[in-house]
$ cat start02.txt   # compact mmCIF, C-alpha atoms
# COMPACT_ATOMS: atom_id res chain seq x y z
CA MET A 1 0.00 0.00 0.00
CA THR A 2 1.00 3.62 -0.41
CA GLU A 3 0.35 6.48 1.93
CA PHE A 4 -2.19 9.16 1.02
CA THR A 5 -0.09 12.28 0.44
CA PRO A 6 -2.44 15.24 -0.13
CA ILE A 7 0.12 18.00 0.53
CA TRP A 8 2.89 16.48 -1.60
CA SER A 9 0.47 15.61 -4.38
CA LEU A 10 -1.26 19.00 -4.38
CA SER A 11 2.12 20.76 -4.43
CA GLY A 12 3.39 18.53 -7.23
CA GLY A 13 0.14 19.12 -9.10
CA ILE A 14 0.62 22.90 -8.84
CA LEU A 15 4.14 22.54 -10.33
CA ILE A 16 2.66 20.47 -13.18
CA GLY A 17 0.01 23.17 -13.63
CA LEU A 18 2.70 25.88 -13.75
CA SER A 19 4.47 23.94 -16.49
CA ALA A 20 1.26 23.66 -18.50
CA ALA A 21 0.32 27.29 -17.81
CA GLY A 22 3.77 28.46 -18.90
CA ALA A 23 3.54 26.46 -22.12
CA PHE A 24 0.10 27.97 -22.83
CA PHE A 25 1.00 31.57 -22.07
CA LEU A 26 4.60 31.72 -23.31
CA PHE A 27 4.47 29.20 -26.17
CA GLY A 28 0.80 28.92 -27.10
CA ARG A 29 1.40 25.16 -27.06
CA VAL A 30 0.16 22.20 -25.01
CA ILE A 31 2.51 19.95 -23.07
CA GLY A 32 0.82 16.72 -24.16
CA MET A 33 3.35 13.92 -23.80
CA THR A 34 1.72 11.93 -26.60
CA GLY A 35 2.26 14.74 -29.08
CA ILE A 36 5.78 15.42 -27.83
CA VAL A 37 6.71 11.73 -28.21
CA ALA A 38 5.09 11.54 -31.66
CA ARG A 39 6.94 14.58 -32.96
CA THR A 40 10.22 13.39 -31.48
CA LEU A 41 9.76 9.96 -33.12
CA ASN A 42 9.20 11.69 -36.44
CA PHE A 43 12.31 13.83 -35.95
CA ASP A 44 10.13 16.90 -36.11
CA PHE A 45 12.73 19.08 -34.43
CA GLY A 46 11.47 22.43 -35.64
CA GLU A 47 10.44 25.30 -33.40
CA ALA A 48 13.83 25.79 -31.75
CA ASN A 49 13.81 22.22 -30.44
CA TRP A 50 11.57 23.26 -27.60
CA ARG A 51 10.06 19.78 -27.29
CA VAL A 52 13.48 18.13 -27.02
CA MET A 53 14.54 20.66 -24.39
CA PHE A 54 11.29 20.05 -22.54
CA LEU A 55 12.04 16.30 -22.52
CA ILE A 56 15.57 16.90 -21.23
CA GLY A 57 14.20 19.00 -18.35
CA LEU A 58 11.53 16.40 -17.64
CA ILE A 59 13.98 13.48 -17.61
CA GLY A 60 16.84 15.20 -15.78
CA THR A 61 15.09 17.16 -13.04
CA PRO A 62 13.75 14.24 -10.96
CA LEU A 63 17.24 12.70 -10.81
CA LEU A 64 18.69 16.03 -9.72
CA LEU A 65 15.96 16.47 -7.08
CA SER A 66 16.40 12.92 -5.81
CA LEU A 67 20.02 13.81 -5.00
CA ILE A 68 19.39 17.15 -3.28
CA ALA A 69 15.79 16.98 -1.96
CA PRO A 70 14.28 13.50 -2.37
CA SER A 71 10.54 12.92 -2.32
CA PRO A 72 9.06 10.56 0.31
CA HIS A 73 7.18 8.39 -2.20
CA GLY A 74 9.52 5.53 -2.96
CA PHE A 75 9.20 3.28 -5.98
CA GLU A 76 7.41 0.01 -6.48
CA ALA A 77 6.60 -1.24 -9.97
CA PRO A 78 4.65 -4.19 -11.38
CA PRO A 79 6.66 -7.02 -12.97
CA LEU A 80 8.50 -6.23 -16.21
CA ALA A 81 5.97 -8.16 -18.31
CA ALA A 82 3.17 -5.90 -17.03
CA LEU A 83 5.26 -2.79 -17.69
CA ILE A 84 5.93 -3.90 -21.26
CA ILE A 85 2.34 -4.89 -22.08
CA GLY A 86 1.03 -1.75 -20.40
CA GLY A 87 3.60 0.45 -22.10
CA PHE A 88 2.68 -0.89 -25.51
CA LEU A 89 -1.05 -0.32 -24.98
CA VAL A 90 -0.38 3.17 -23.59
CA GLY A 91 1.82 4.02 -26.58
CA TYR A 92 -0.70 2.80 -29.13
CA GLY A 93 -3.90 3.92 -27.37
CA SER A 94 -2.65 7.42 -26.65
CA ARG A 95 -1.91 7.97 -30.35
CA VAL A 96 -5.30 6.67 -31.47
CA GLY A 97 -7.03 8.75 -28.80
CA SER A 98 -4.91 11.86 -29.51
CA GLY A 99 -3.61 12.24 -25.99
CA CYS A 100 -2.90 10.91 -22.53
CA THR A 101 -3.00 12.07 -18.93
CA SER A 102 -1.03 15.26 -19.64
CA GLY A 103 -2.65 16.37 -22.91
CA HIS A 104 -6.24 15.40 -22.14
CA GLY A 105 -6.00 15.13 -18.33
CA ILE A 106 -4.29 18.44 -17.55
CA CYS A 107 -4.21 20.68 -20.65
CA GLY A 108 -7.52 19.59 -22.18
CA MET A 109 -9.41 19.65 -18.89
CA ALA A 110 -7.98 23.12 -18.21
CA ARG A 111 -9.55 24.30 -21.50
CA LEU A 112 -12.80 22.49 -20.68
CA SER A 113 -12.40 20.63 -23.98
CA LYS A 114 -15.34 18.32 -24.55
CA ARG A 115 -13.09 15.77 -26.27
CA SER A 116 -10.65 15.74 -23.37
CA ILE A 117 -13.36 15.41 -20.75
CA VAL A 118 -14.72 12.37 -22.62
CA ALA A 119 -11.21 10.92 -23.03
CA VAL A 120 -10.48 11.29 -19.30
CA CYS A 121 -13.78 9.66 -18.33
CA VAL A 122 -13.13 6.77 -20.73
CA PHE A 123 -9.55 6.05 -19.69
CA MET A 124 -10.31 6.44 -16.00
CA PHE A 125 -13.16 3.97 -16.40
CA THR A 126 -11.15 1.33 -18.29
CA ALA A 127 -8.21 1.79 -15.90
CA PHE A 128 -10.44 1.28 -12.85
CA VAL A 129 -11.92 -1.84 -14.45
CA THR A 130 -8.47 -3.14 -15.44
CA VAL A 131 -7.09 -2.81 -11.91
CA PHE A 132 -10.21 -4.40 -10.46
CA VAL A 133 -9.80 -7.36 -12.80
CA THR A 134 -6.03 -7.79 -12.34
CA ARG A 135 -6.06 -7.38 -8.57
CA HIS A 136 -9.40 -8.74 -7.44
CA VAL A 137 -10.52 -11.17 -10.15
CA LEU A 138 -7.25 -12.60 -11.48
CA GLY A 139 -5.23 -11.75 -8.37
CA VAL A 140 -2.12 -11.01 -10.41
CA GLY A 141 -1.81 -7.23 -9.99
CA ALA A 142 1.16 -5.77 -8.18
CA MET B 1 15.42 31.84 -25.02
CA LYS B 2 12.74 29.36 -26.06
CA SER B 3 15.13 26.49 -25.34
CA ILE B 4 15.89 27.67 -21.82
CA VAL B 5 12.21 28.28 -21.09
CA ALA B 6 11.35 24.83 -22.47
CA LEU B 7 14.02 23.27 -20.27
CA ILE B 8 12.56 25.02 -17.21
CA LEU B 9 8.97 24.03 -18.12
CA GLY B 10 10.10 20.43 -18.56
CA GLY B 11 11.86 20.65 -15.21
CA LEU B 12 8.70 21.96 -13.52
CA PHE B 13 6.73 19.11 -15.08
CA GLY B 14 9.26 16.46 -14.05
CA GLY B 15 9.72 17.89 -10.56
CA GLY B 16 5.95 18.13 -10.14
CA LEU B 17 5.41 14.52 -11.16
CA TYR B 18 8.24 13.43 -8.85
CA TYR B 19 7.00 15.28 -5.76
CA ALA B 20 3.37 14.42 -6.50
CA GLY B 21 4.30 10.73 -6.23
CA MET B 22 3.34 9.99 -9.84
CA THR B 23 6.73 8.42 -10.60
CA ASN B 24 5.79 5.54 -8.29
CA PRO B 25 3.58 3.11 -10.26
CA SER B 26 2.09 1.55 -7.13
CA LYS B 27 0.70 4.98 -6.18
CA ILE B 28 -1.18 5.12 -9.50
CA LEU B 29 -2.36 1.53 -9.16
CA ASN B 30 -3.58 2.19 -5.62
CA PHE B 31 -5.52 5.20 -6.89
CA LEU B 32 -7.09 3.00 -9.55
CA ASP B 33 -7.92 0.31 -6.98
CA LEU B 34 -11.23 1.47 -5.57
CA ALA B 35 -11.84 -1.95 -4.02
CA GLY B 36 -8.47 -2.04 -2.24
CA GLN B 37 -6.46 0.34 -0.04
CA TRP B 38 -7.51 3.37 -2.06
CA ASP B 39 -4.93 6.16 -2.33
CA PRO B 40 -6.74 9.33 -3.53
CA SER B 41 -3.49 11.31 -4.03
CA LEU B 42 -3.98 11.57 -7.81
CA VAL B 43 -7.16 13.60 -7.25
CA PHE B 44 -5.01 16.21 -5.52
CA VAL B 45 -2.49 16.21 -8.37
CA MET B 46 -5.25 17.02 -10.86
CA GLY B 47 -6.87 19.42 -8.40
CA GLY B 48 -3.61 21.35 -8.16
CA GLY B 49 -2.66 21.10 -11.82
CA ILE B 50 -5.85 21.82 -13.75
CA PRO B 51 -6.79 25.20 -12.20
CA VAL B 52 -3.24 26.55 -12.57
CA ALA B 53 -3.08 25.33 -16.18
CA ALA B 54 -6.50 26.91 -16.78
CA LEU B 55 -5.17 30.25 -15.55
CA GLY B 56 -2.33 30.05 -18.10
CA TYR B 57 -4.83 29.27 -20.86
CA PHE B 58 -7.10 32.11 -19.75
CA LEU B 59 -4.19 34.55 -19.91
CA LEU B 60 -3.25 33.24 -23.36
CA MET B 61 -6.79 33.76 -24.64
CA ARG B 62 -6.65 37.43 -23.63
CA ARG B 63 -3.72 38.02 -26.00
CA GLN B 64 -3.36 37.97 -29.78
CA LYS B 65 -0.42 35.59 -29.57
CA PRO B 66 1.77 33.85 -26.99
CA VAL B 67 4.79 35.63 -25.55
CA LEU B 68 7.52 33.67 -27.35
CA PHE B 69 5.83 32.27 -30.49
CA ASN B 70 3.92 34.06 -33.23
CA ASP B 71 1.01 31.64 -33.39
CA ILE B 72 -1.16 29.56 -31.10
CA GLN B 73 -1.10 25.79 -31.73
CA VAL B 74 -3.55 24.12 -29.40
CA PRO B 75 -5.84 21.24 -30.40
CA LYS B 76 -9.16 22.24 -31.97
CA PHE B 77 -12.37 21.76 -30.02
CA GLY B 78 -13.59 18.90 -32.20
CA ASP B 79 -16.36 16.38 -31.93
CA ILE B 80 -16.32 13.12 -30.03
CA ASP B 81 -15.36 10.38 -32.49
CA ARG B 82 -14.60 6.68 -32.45
CA PRO B 83 -10.79 6.94 -32.35
CA LEU B 84 -10.97 9.25 -29.33
CA VAL B 85 -13.09 6.82 -27.35
CA LEU B 86 -11.41 3.63 -28.56
CA GLY B 87 -7.87 4.96 -28.15
CA SER B 88 -8.60 6.33 -24.69
CA ALA B 89 -10.11 2.98 -23.69
CA ILE B 90 -6.92 1.15 -24.81
CA PHE B 91 -4.78 3.77 -23.08
CA GLY B 92 -6.68 3.24 -19.83
CA ILE B 93 -6.19 -0.53 -19.96
CA GLY B 94 -2.43 -0.10 -20.44
CA TRP B 95 -2.34 2.52 -17.68
CA GLY B 96 -4.10 0.11 -15.33
CA ILE B 97 -1.71 -2.73 -16.18
CA ALA B 98 1.55 -0.78 -15.86
CA GLY B 99 0.57 1.98 -13.40
CA MET B 100 2.48 4.38 -15.63
CA CYS B 101 1.58 6.95 -18.24
CA PRO B 102 4.13 8.62 -20.56
CA GLY B 103 5.02 11.73 -18.50
CA PRO B 104 5.90 9.92 -15.27
CA ALA B 105 7.81 7.26 -17.23
CA PHE B 106 10.14 9.90 -18.66
CA ALA B 107 10.40 11.51 -15.23
CA ALA B 108 11.32 8.17 -13.59
CA VAL B 109 13.59 6.68 -16.24
CA LEU B 110 16.88 7.92 -14.77
CA LEU B 111 15.74 7.07 -11.24
CA GLU B 112 14.69 3.47 -11.98
CA PRO B 113 16.08 2.63 -15.43
CA GLN B 114 15.90 -1.15 -15.07
CA ALA B 115 12.13 -1.00 -14.54
CA ILE B 116 11.21 1.94 -16.76
CA LEU B 117 13.33 1.37 -19.88
CA GLY B 118 11.30 -1.69 -20.89
CA TYR B 119 8.10 0.30 -20.46
CA LEU B 120 9.40 3.22 -22.52
CA ILE B 121 10.65 1.01 -25.36
CA ALA B 122 7.26 -0.74 -25.48
CA LEU B 123 5.56 2.67 -25.44
CA LEU B 124 7.61 3.84 -28.43
CA LEU B 125 6.84 0.58 -30.25
CA GLY B 126 3.12 1.07 -29.60
CA SER B 127 3.40 4.59 -30.97
CA LEU B 128 5.30 3.31 -34.03
CA LEU B 129 2.63 0.65 -34.61
CA TYR B 130 0.10 3.47 -34.80
CA GLU B 131 2.21 5.20 -37.45
CA ARG B 132 2.45 1.96 -39.45
CA ILE B 133 -1.28 1.26 -39.34
CA HIS B 134 -2.82 4.69 -39.54
CA ARG B 135 -0.25 6.79 -41.35
CA ALA B 136 0.88 4.37 -44.06
$ encode --input "start02.txt" --output "structure tokens"
Amino acid sequence: MTEFTPIWSLSGGILIGLSAAGAFFLFGRVIGMTGIVARTLNFDFGEANWRVMFLIGLIGTPLLLSLIAPSPHGFEAPPLAALIIGGFLVGYGSRVGSGCTSGHGICGMARLSKRSIVAVCVFMFTAFVTVFVTRHVLGVGA
Amino acid sequence: MKSIVALILGGLFGGGLYYAGMTNPSKILNFLDLAGQWDPSLVFVMGGGIPVAALGYFLLMRRQKPVLFNDIQVPKFGDIDRPLVLGSAIFGIGWGIAGMCPGPAFAAVLLEPQAILGYLIALLLGSLLYERIHRA
């Protein structure tokens, strides 16, 4: 089990919101990870490489923080097979559905986009069902 | 200038995910496990993130153009279609299996490479499969 961490999670959420707000106001762009991954895969490195720089900041900062001011959350992952199957479905599904938790969940919800609200409801629902099935029906979930 | 700002925005995103606890897959899975030891932390992440993001969008909408680019490139407010629903449904299943979505995976990859690299490679393959099928 993991501890309920309202203060940490609210604070982290505000930082995520600042990142999205900054990208809206300064760039006029959304920080949807699905789009950023897609453009990086296609070597679409226009626009002053901002997406590549964003990825570098995203990847590097947690390591830096873990050395100077670590978070209390720890790390516990499902078995590798689950990570690989899940990763594949996330990669494919997010492209078909034009977004994931960042694009639809944060940026789209912030714009009250009808499409994003539907996307969030759908993926929350299938994720809840999936975890119920893996943990409580099959009993295989981490 | 854009590069430095992008680096900082990426850092805010990564740091936010890290401190919010989203880089720990079991925290996501415990949020998704309503029938177990439910961990509602993710609600607070969205509750903190969405209003602040909305403020940034509101400020953008009051201007002709963003501060550092000459045009606005945000997704159009389109209709609900099959790909949106189907893709999101598949995404949710994968999210529920792995306990990871793309942002936190990038944020966690240097912290826990042995666990996350496999996920990220599979994610890129899933994305490439989409390109093969739908963009051929």
$ closest_residue --input "start02.txt" --among "A:Val140, A:Ala20, A:Ile36, A:Val52" --to "chain B" --atoms "all atoms listed in the file"
A:Ala20
$ residues_around --input "start02.txt" --residues "range 87-91 of chain B" --least-positions-apart "6" --cutoff "8 Å" --atoms "all atoms listed in the file" --output "CSV table (one decimal) with C-alpha atoms, in the coordinates of the input"
chain,number,residue,atom,x,y,z
A,89,LEU,CA,-1.0,-0.3,-25.0
A,90,VAL,CA,-0.4,3.2,-23.6
A,91,GLY,CA,1.8,4.0,-26.6
A,92,TYR,CA,-0.7,2.8,-29.1
A,93,GLY,CA,-3.9,3.9,-27.4
A,94,SER,CA,-2.6,7.4,-26.6
A,95,ARG,CA,-1.9,8.0,-30.4
A,96,VAL,CA,-5.3,6.7,-31.5
A,97,GLY,CA,-7.0,8.8,-28.8
A,98,SER,CA,-4.9,11.9,-29.5
A,99,GLY,CA,-3.6,12.2,-26.0
A,100,CYS,CA,-2.9,10.9,-22.5
A,119,ALA,CA,-11.2,10.9,-23.0
A,120,VAL,CA,-10.5,11.3,-19.3
A,122,VAL,CA,-13.1,6.8,-20.7
A,123,PHE,CA,-9.6,6.0,-19.7
A,125,PHE,CA,-13.2,4.0,-16.4
A,126,THR,CA,-11.2,1.3,-18.3
$ closest_residue --input "start02.txt" --among "A:Leu67, A:Phe4, A:Leu10, A:Phe24" --to "Asp71 in chain B" --atoms "only C-alpha atoms"
A:Phe24
$ residues_around --input "start02.txt" --residues "Val74 in chain B" --least-positions-apart "6" --cutoff "7 Å" --atoms "all atoms listed in the file" --output "ChimeraX atom specification"
/A:28-30
$ write_last_selection --input "start02.txt" --atoms "C-alpha atoms" --output "mmCIF file, in the frame of the given file"
data_model
loop_
_atom_site.group_PDB
_atom_site.id
_atom_site.type_symbol
_atom_site.label_atom_id
_atom_site.label_comp_id
_atom_site.auth_asym_id
_atom_site.auth_seq_id
_atom_site.Cartn_x
_atom_site.Cartn_y
_atom_site.Cartn_z
ATOM 1 C CA GLY A 28 0.800 28.920 -27.100
ATOM 2 C CA ARG A 29 1.400 25.160 -27.060
ATOM 3 C CA VAL A 30 0.160 22.200 -25.010
#
$ closest_residue --input "start02.txt" --among "A:Gly86, A:Gly22, A:Pro6, A:Gly60" --to "Ile93 in chain B" --atoms "all atoms listed in the file"
A:Gly86
$ closest_residue --input "start02.txt" --among "A:Ala81, A:Leu138, A:Val133, A:Met53" --to "chain B" --atoms "all atoms listed in the file"
A:Met53
$ closest_residue --input "start02.txt" --among "B:Leu59, B:Val52, B:Ala20, B:Leu12" --to "Pro40 in chain B" --atoms "all atoms listed in the file"
B:Ala20
$ residues_near_point --input "start02.txt" --point "(18.2, 10.8, -7.0)" --cutoff "12 Å" --atoms "all atoms listed in the file" --output "JSON, numbers by chain"
{"A": [59, 60, 61, 62, 63, 64, 65, 66, 67, 68, 69, 70, 71, 72, 74, 75], "B": [15, 18, 107, 108, 109, 110, 111, 112, 113]}
$ residues_near_point --input "start02.txt" --point "(7.2, 3.5, -19.2)" --cutoff "8 Å" --atoms "all atoms listed in the file" --output "VMD selection string"
(chain A and resid 83 to 84 87) or (chain B and resid 98 100 to 102 104 to 106 109 116 to 123)
$ atom_distance --input "start02.txt" --atom1 "CA of Gly32 in chain A" --atom2 "CA of Ile50 in chain B"
13.4 Å
$ residues_around --input "start02.txt" --residues "Thr2 in chain A" --least-positions-apart "6" --cutoff "12 Å" --atoms "all atoms listed in the file" --output "PDB file with C-alpha atoms, keeping the file's coordinate frame"
ATOM      1  CA  PRO A  72       9.060  10.560   0.310  1.00  0.00           C
ATOM      2  CA  HIS A  73       7.180   8.390  -2.200  1.00  0.00           C
ATOM      3  CA  GLY A  74       9.520   5.530  -2.960  1.00  0.00           C
ATOM      4  CA  PHE A  75       9.200   3.280  -5.980  1.00  0.00           C
ATOM      5  CA  GLU A  76       7.410   0.010  -6.480  1.00  0.00           C
TER       6      GLU A  76
ATOM      7  CA  GLY B  21       4.300  10.730  -6.230  1.00  0.00           C
ATOM      8  CA  MET B  22       3.340   9.990  -9.840  1.00  0.00           C
ATOM      9  CA  ASN B  24       5.790   5.540  -8.290  1.00  0.00           C
ATOM     10  CA  PRO B  25       3.580   3.110 -10.260  1.00  0.00           C
ATOM     11  CA  SER B  26       2.090   1.550  -7.130  1.00  0.00           C
ATOM     12  CA  LYS B  27       0.700   4.980  -6.180  1.00  0.00           C
ATOM     13  CA  ILE B  28      -1.180   5.120  -9.500  1.00  0.00           C
ATOM     14  CA  LEU B  29      -2.360   1.530  -9.160  1.00  0.00           C
ATOM     15  CA  ASN B  30      -3.580   2.190  -5.620  1.00  0.00           C
ATOM     16  CA  PHE B  31      -5.520   5.200  -6.890  1.00  0.00           C
ATOM     17  CA  ASP B  33      -7.920   0.310  -6.980  1.00  0.00           C
ATOM     18  CA  GLY B  36      -8.470  -2.040  -2.240  1.00  0.00           C
ATOM     19  CA  GLN B  37      -6.460   0.340  -0.040  1.00  0.00           C
ATOM     20  CA  TRP B  38      -7.510   3.370  -2.060  1.00  0.00           C
ATOM     21  CA  ASP B  39      -4.930   6.160  -2.330  1.00  0.00           C
ATOM     22  CA  PRO B  40      -6.740   9.330  -3.530  1.00  0.00           C
ATOM     23  CA  SER B  41      -3.490  11.310  -4.030  1.00  0.00           C
ATOM     24  CA  LEU B  42      -3.980  11.570  -7.810  1.00  0.00           C
TER      25      LEU B  42
END
$ closest_residue --input "start02.txt" --among "B:Gly126, B:Arg82, B:Gly99, B:Ile133" --to "chain A" --atoms "all atoms listed in the file"
B:Gly126
$ atom_distance --input "start02.txt" --atom1 "CA of Thr130 in chain A" --atom2 "CA of Gly35 in chain A"
24.9 Å
$ residues_around --input "start02.txt" --residues "Val131 in chain A" --least-positions-apart "5" --cutoff "8 Å" --atoms "all atoms listed in the file" --output "VMD selection string"
(chain A and resid 136 141) or (chain B and resid 29 32 to 33 96 to 97)
$ atom_distance --input "start02.txt" --atom1 "CA of Val5 in chain B" --atom2 "CA of Lys76 in chain B"
24.7 Å
